[in-house]
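K.L.:
Quick one: this structure, given as structure tokens, is what I'll be asking you about.
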Amino acid sequence: MELALLRIDDRLVHGQVVIGWIPHLKAQAVVVASDAAAADPTQTMLMEMAMPEGVALHVLPVEAAARLLLDAGDRRRGLALAPGPREALRLLESGVKTPAVNVGGLHYTAGRVQLGKAIFLDDQDREALRAIVRRGVALEGRALPGDAGMDVSAMLGGPA
């Protein structure tokens, strides 16, 4: 599959993705790389209902998502969604290639500290993002395609 964008967003398929990113990228398929979502038929059904006509949705455990994204015989243009930095890192460790990861939204939960407008991280999230940067992959914070991007790696603090 031709990976148009790897996006970290804990909401997975929602309005910004459906109305903003899918048309902008001309995505023909959305690959959700989430062990939890793949095990939840209700969440999968809700995401399917939100998908635009003609765009395929694949909700898969991370390793299966990586295999689909690496399938050179699949000529579709794809958008990959990961619920957090650790899942995005696992995709990259599985061989998925991308020059940049879009950090779209990681919302507040207990133990997370705010880094950007809609980016809240715990220590494990920070370490996963640093590991992504060490792989030579840029981290771009941007909610929608028309928004100005910000360099998330510069905001992580501490040693990379």
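The way I read the labels, and the way they are meant: chains A, B, ... in the order of the structure tokens, residue 1 as the first residue of every chain, and ligand 1 as the first ligand shown, with later ones counted on from there.
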Please run DSSP on the backbone and report, as a count of residues only, all residues within chain A that come out as alpha helix (DSSP H).
P.N.:
48
K.L.:
At a cut-off of 9 Å, using only C-alpha atoms, what residues contact Asp10 (chain A)? Leave out same-chain residues fewer than 5 positions from it and give the result as a ChimeraX atom specification.
P.N.:
/A:81-84,104-107
K.L.:
With a distance cut-off of 9 Å and only C-alpha atoms, select the neighbouring residues of Gly136 (chain A), excluding the residue or stretch itself and same-chain residues fewer than 2 positions from it, and output the selection as number ranges by chain.
P.N.:
A: 99-100, 132-134, 138
K.L.:
Just the residues within 9 Å of region 71-80 of chain A, please, counting only C-alpha atoms, with nothing from its chain fewer than 5 positions along; format it as a ChimeraX atom specification.
P.N.:
/A:1-8,21-22,25-33,65-66
K.L.:
Could you save those same residues with N, CA and C atoms as a CSV table (one decimal), in the first residue's frame?
P.N.:
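Result written to result-v7.csv:
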```
chain,number,residue,atom,x,y,z
A,1,MET,N,0.8,-1.2,0.0
A,1,MET,CA,0.0,0.0,0.0
A,1,MET,C,0.9,1.2,0.0
A,2,GLU,N,0.5,2.3,-0.7
A,2,GLU,CA,1.2,3.5,-0.7
A,2,GLU,C,0.7,4.3,0.5
A,3,LEU,N,1.6,4.5,1.5
A,3,LEU,CA,1.3,5.2,2.7
A,3,LEU,C,1.4,6.7,2.5
A,4,ALA,N,0.2,7.4,2.5
A,4,ALA,CA,0.2,8.8,2.3
A,4,ALA,C,0.5,9.6,3.6
A,5,LEU,N,0.1,9.0,4.8
A,5,LEU,CA,0.2,9.6,6.1
A,5,LEU,C,0.1,8.6,7.2
A,6,LEU,N,1.0,8.7,8.2
A,6,LEU,CA,0.8,8.0,9.4
A,6,LEU,C,0.5,9.0,10.5
A,7,ARG,N,-0.7,8.9,11.1
A,7,ARG,CA,-1.2,9.9,12.0
A,7,ARG,C,-1.5,9.2,13.4
A,8,ILE,N,-1.0,9.9,14.4
A,8,ILE,CA,-1.3,9.5,15.8
A,8,ILE,C,-2.5,10.3,16.2
A,21,TRP,N,-8.6,15.0,6.4
A,21,TRP,CA,-7.4,14.2,5.9
A,21,TRP,C,-7.7,13.3,4.7
A,22,ILE,N,-8.8,12.6,4.8
A,22,ILE,CA,-9.1,11.6,3.7
A,22,ILE,C,-9.2,12.3,2.4
A,25,LEU,N,-5.7,13.8,1.3
A,25,LEU,CA,-4.7,12.8,0.9
A,25,LEU,C,-5.2,12.0,-0.3
A,26,LYS,N,-6.5,12.1,-0.7
A,26,LYS,CA,-7.1,11.3,-1.7
A,26,LYS,C,-6.9,9.8,-1.3
A,27,ALA,N,-7.1,9.5,0.0
A,27,ALA,CA,-6.9,8.2,0.5
A,27,ALA,C,-8.1,7.3,0.0
A,28,GLN,N,-7.6,6.1,-0.4
A,28,GLN,CA,-8.6,5.0,-0.8
A,28,GLN,C,-8.8,4.0,0.3
A,29,ALA,N,-8.0,4.0,1.3
A,29,ALA,CA,-8.1,3.1,2.4
A,29,ALA,C,-7.6,3.7,3.7
A,30,VAL,N,-8.2,3.4,4.8
A,30,VAL,CA,-7.8,3.8,6.1
A,30,VAL,C,-7.4,2.6,6.9
A,31,VAL,N,-6.2,2.5,7.4
A,31,VAL,CA,-5.8,1.4,8.2
A,31,VAL,C,-5.6,1.9,9.7
A,32,VAL,N,-6.5,1.3,10.5
A,32,VAL,CA,-6.4,1.6,12.0
A,32,VAL,C,-5.5,0.5,12.6
A,33,ALA,N,-4.4,1.0,13.2
A,33,ALA,CA,-3.4,0.0,13.8
A,33,ALA,C,-3.6,0.1,15.3
A,65,ALA,N,-1.7,-4.7,10.7
A,65,ALA,CA,-1.8,-3.5,10.0
A,65,ALA,C,-0.5,-3.2,9.3
A,66,ALA,N,0.7,-3.5,10.0
A,66,ALA,CA,2.0,-3.3,9.3
A,66,ALA,C,2.1,-4.2,8.1
```
K.L.:
Check the DSSP output for the backbone and give back, as a ChimeraX atom specification, the residues of region 3-159 of chain A in strand (DSSP E).
P.N.:
/A:3-9,29-33,56-60,77-82,100-105,113-116,119-121,138-141,150-151
K.L.:
Let me make sure I understand: among A:Arg67, A:Val13, A:Ile19, A:Gly149, which one has the smallest atom-to-atom distance to Thr44 (chain A) if we use only C-alpha atoms?
P.N.:
A:Val13
K.L.:
So which one's closest to Ala36 (chain A), A:Met49, A:Ala131, A:Val59, A:Leu68? Using only C-alpha atoms, please.
P.N.:
A:Val59
K.L.:
Using only C-alpha atoms, can you tell me which of A:Thr109, A:Lys117, A:Val103, A:Ala64 comes closest to Ser153 (chain A)?
P.N.:
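Among A:Thr109, A:Lys117, A:Val103, A:Ala64, it is A:Val103 that comes nearest to Ser153 (chain A).
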K.L.:
If you count only C-alpha atoms, which residues fall within 8 Å of Asp151 (chain A), apart from same-chain ones fewer than 6 positions away, as number ranges by chain?
P.N.:
A: 138-141
